[in-house]
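Chemist: This one is my_file.cif, mmCIF, C-alpha atoms.
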```cif
data_final
loop_
_atom_site.label_atom_id
_atom_site.label_comp_id
_atom_site.auth_asym_id
_atom_site.auth_seq_id
_atom_site.Cartn_x
_atom_site.Cartn_y
_atom_site.Cartn_z
CA MET A 1 -57.54 26.41 110.94
CA LYS A 2 -61.02 27.91 111.28
CA GLN A 3 -61.59 31.44 110.05
CA LYS A 4 -63.67 33.41 112.53
CA ARG A 5 -66.60 35.37 111.18
CA ASP A 6 -68.21 38.51 112.51
CA VAL A 7 -71.68 38.14 113.94
CA GLN A 8 -74.34 38.82 111.32
CA GLN A 9 -76.23 42.04 111.97
CA GLY A 10 -79.55 41.46 113.70
CA THR A 11 -78.62 38.08 115.19
CA LEU A 12 -76.64 39.06 118.27
CA ALA A 13 -79.64 39.95 120.43
CA LEU A 14 -81.14 36.52 119.72
CA MET A 15 -77.85 34.83 120.64
CA VAL A 16 -77.55 36.85 123.87
CA LEU A 17 -81.12 36.08 124.92
CA LYS A 18 -80.76 32.36 124.18
CA THR A 19 -77.40 32.17 125.97
CA LEU A 20 -78.90 33.75 129.09
CA GLN A 21 -81.93 31.46 128.89
CA VAL A 22 -79.76 28.35 128.76
CA LEU A 23 -76.94 29.32 131.10
CA GLY A 24 -78.54 31.80 133.48
CA PRO A 25 -76.92 35.03 134.67
CA LEU A 26 -73.55 35.88 133.10
CA HIS A 27 -71.29 38.91 132.85
CA GLY A 28 -70.58 40.45 129.46
CA TYR A 29 -67.24 38.72 128.95
CA GLY A 30 -68.84 35.39 129.84
CA ILE A 31 -71.67 35.96 127.36
CA ALA A 32 -69.17 36.76 124.60
CA ARG A 33 -67.03 33.69 125.31
CA ARG A 34 -70.09 31.39 125.48
CA ILE A 35 -71.43 32.66 122.16
CA GLU A 36 -68.04 32.03 120.58
CA GLN A 37 -67.88 28.58 122.21
CA ILE A 38 -71.41 27.60 121.10
CA SER A 39 -70.54 28.66 117.53
CA GLY A 40 -67.63 26.22 117.60
CA ASP A 41 -65.30 29.21 117.66
CA LEU A 42 -66.51 30.26 114.21
CA LEU A 43 -67.82 33.62 115.42
CA SER A 44 -65.70 36.51 116.59
CA LEU A 45 -67.33 38.80 119.12
CA ASN A 46 -65.78 41.94 120.54
CA GLN A 47 -66.94 44.12 123.41
CA GLY A 48 -67.66 47.03 121.10
CA THR A 49 -70.29 44.88 119.45
CA LEU A 50 -71.71 43.19 122.54
CA TYR A 51 -72.13 46.02 125.05
CA PRO A 52 -74.41 48.23 122.91
CA VAL A 53 -76.70 45.22 122.43
CA LEU A 54 -76.70 44.52 126.18
CA LEU A 55 -77.54 48.16 126.87
CA ARG A 56 -80.38 48.13 124.33
CA LEU A 57 -81.82 44.87 125.67
CA GLU A 58 -81.69 46.26 129.20
CA GLN A 59 -83.40 49.50 128.15
CA GLU A 60 -86.10 47.42 126.43
CA GLY A 61 -86.61 45.40 129.62
CA ALA A 62 -85.54 42.08 128.09
CA ILE A 63 -82.63 41.70 130.49
CA ALA A 64 -81.76 43.09 133.91
CA SER A 65 -78.34 43.52 135.46
CA GLU A 66 -76.70 43.79 138.84
CA TRP A 67 -73.17 44.10 140.06
CA GLY A 68 -71.41 41.09 141.50
CA ASP A 69 -68.04 39.41 141.76
CA SER A 70 -66.70 37.42 138.83
CA GLU A 71 -64.81 34.14 139.13
CA ASN A 72 -61.62 36.28 139.31
CA ASN A 73 -63.04 38.30 142.25
CA ARG A 74 -63.43 41.35 140.02
CA ARG A 75 -66.54 43.50 140.00
CA ALA A 76 -68.67 42.70 136.98
CA ARG A 77 -72.17 43.43 135.80
CA PHE A 78 -74.18 40.22 135.56
CA TYR A 79 -77.09 40.05 133.12
CA ARG A 80 -80.18 37.86 133.42
CA LEU A 81 -83.25 37.29 131.30
CA THR A 82 -86.49 38.90 132.47
CA ARG A 83 -90.05 37.71 131.86
CA ALA A 84 -90.24 40.20 128.98
CA GLY A 85 -86.94 38.78 127.71
CA HIS A 86 -88.41 35.27 127.56
CA LYS A 87 -91.27 36.63 125.42
CA MET A 88 -88.84 38.58 123.24
CA LEU A 89 -86.71 35.47 122.77
CA GLU A 90 -89.70 33.46 121.54
CA ALA A 91 -90.68 36.25 119.12
CA GLU A 92 -87.10 36.64 117.85
CA LYS A 93 -86.82 32.88 117.45
CA ARG A 94 -90.05 32.72 115.38
CA ASP A 95 -88.87 35.64 113.21
CA TRP A 96 -85.48 34.02 112.61
CA GLU A 97 -87.04 30.65 111.73
CA GLN A 98 -89.42 32.34 109.28
CA THR A 99 -86.61 34.38 107.68
CA SER A 100 -84.40 31.30 107.49
CA ALA A 101 -87.18 29.31 105.78
CA ILE A 102 -87.70 32.09 103.22
CA ILE A 103 -83.97 32.31 102.43
CA GLY A 104 -83.87 28.51 102.23
CA ARG A 105 -86.57 28.60 99.55
CA PHE A 106 -84.51 31.06 97.50
CA LEU A 107 -81.40 28.91 97.80
CA GLU A 108 -83.28 25.82 96.60
CA VAL A 109 -85.25 27.39 93.72
CA LYS A 110 -84.53 26.25 90.17
CA ALA A 111 -85.59 27.84 86.89
CA GLN A 112 -88.11 25.06 86.16
CA ASP A 113 -89.83 25.80 89.50
CA LEU A 114 -90.72 29.26 88.21
CA LEU A 115 -92.17 28.22 84.85
#
```
Rewrite the structure of this file - the entire thing - as structure tokens.

Modeler:
Amino acid sequence: MKQKRDVQQGTLALMVLKTLQVLGPLHGYGIARRIEQISGDLLSLNQGTLYPVLLRLEQEGAIASEWGDSENNRRARFYRLTRAGHKMLEAEKRDWEQTSAIIGRFLEVKAQDLL
């Protein structure tokens, strides 16, 4: 049985932006379920974590939202990536790749490398 992990701080915005880029407009619940699905159900995402990030991304202009009907015929706010969001996604992606490479160097370093 897989143990679900919480989303690492600072990574959720990147995951939201990428999910919207790949899948197009989604409501909040759909975004959360897709992120969990893409992670292979290793991440646990709750609404208390997701909605503040959606609000912040919308205030920053990275995403826009509008009301519509969900697949259950319920009113839901659907989010989509904006032009600014595409730019933000590319910047976030570059930052994450750079940070990941730096951490990778620390994980691989041996004492003889530092002599």

Chemist: Hey, what comes out of the PyMOL selection byres ((chain A and resi 41-44) around 12) on this file? Could you write it as a PyMOL selection string?

Modeler: chain A and resi 1-8+11-12+15+32-40+45-50

Chemist: What is the atom CA of Arg94 of chain A-atom CA of Leu14 of chain A distance in Å, reported with one decimal?

Modeler: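 It comes out at 10.6 Å.
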
Chemist: Considering only C-alpha atoms, state which residue in the set A:Pro25, A:Gly30, A:Pro52, A:Gly61 is at the smallest distance from Gly85 of chain A.

Modeler: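 Counting only C-alpha atoms, the residue closest to Gly85 of chain A is A:Gly61.
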
Chemist: Rank A:Leu55, A:Ala76, A:Leu26, A:Ala62 by their smallest atom-to-atom distance to Glu92 of chain A, using all atoms listed in the file, and report the top residue only.

Modeler: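 Smallest distance to Glu92 of chain A is found for A:Ala62.
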
Chemist: Please write as a count of residues only the full residue list that the PyMOL selection byres ((chain A and resi 20-23) around 10) yields on this file.

Modeler: 19

Chemist: Could you tell me how far atom CA of Ala13 of chain A lies from atom CA of Lys93 of chain A, in Å and to one decimal?

Modeler: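 According to the coordinates, atom CA of Ala13 of chain A and atom CA of Lys93 of chain A are separated by 10.5 Å.
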
Chemist: In Å to one decimal, how far is atom CA of Trp96 of chain A from atom CA of Phe78 of chain A?

Modeler: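 Rounded to one decimal, the two atoms are 26.3 Å apart.
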
Chemist: Which centre and which edge lengths, in Å to one decimal, describe the axis-aligned box that holds all listed atoms of segment 92-95 of chain A after 8 Å is added on each side, as JSON?

Modeler:
```
{"center_x": -88.4, "center_y": 34.7, "center_z": 115.5, "size_x": 19.2, "size_y": 19.9, "size_z": 20.6}
```

Chemist: List the spatial neighbours of Arg75 of chain A as a ChimeraX atom specification - criterion: any atom at most 12 Å away, only C-alpha atoms, same-chain residues fewer than 4 positions off excluded.

Modeler: /A:27-28,66-71

Chemist: Select, from A:Gly10, A:Asn73, A:Ser100, A:Tyr29, the residue with the minimum atom-to-atom distance to Val53 of chain A, counting only C-alpha atoms.

Modeler: A:Gly10
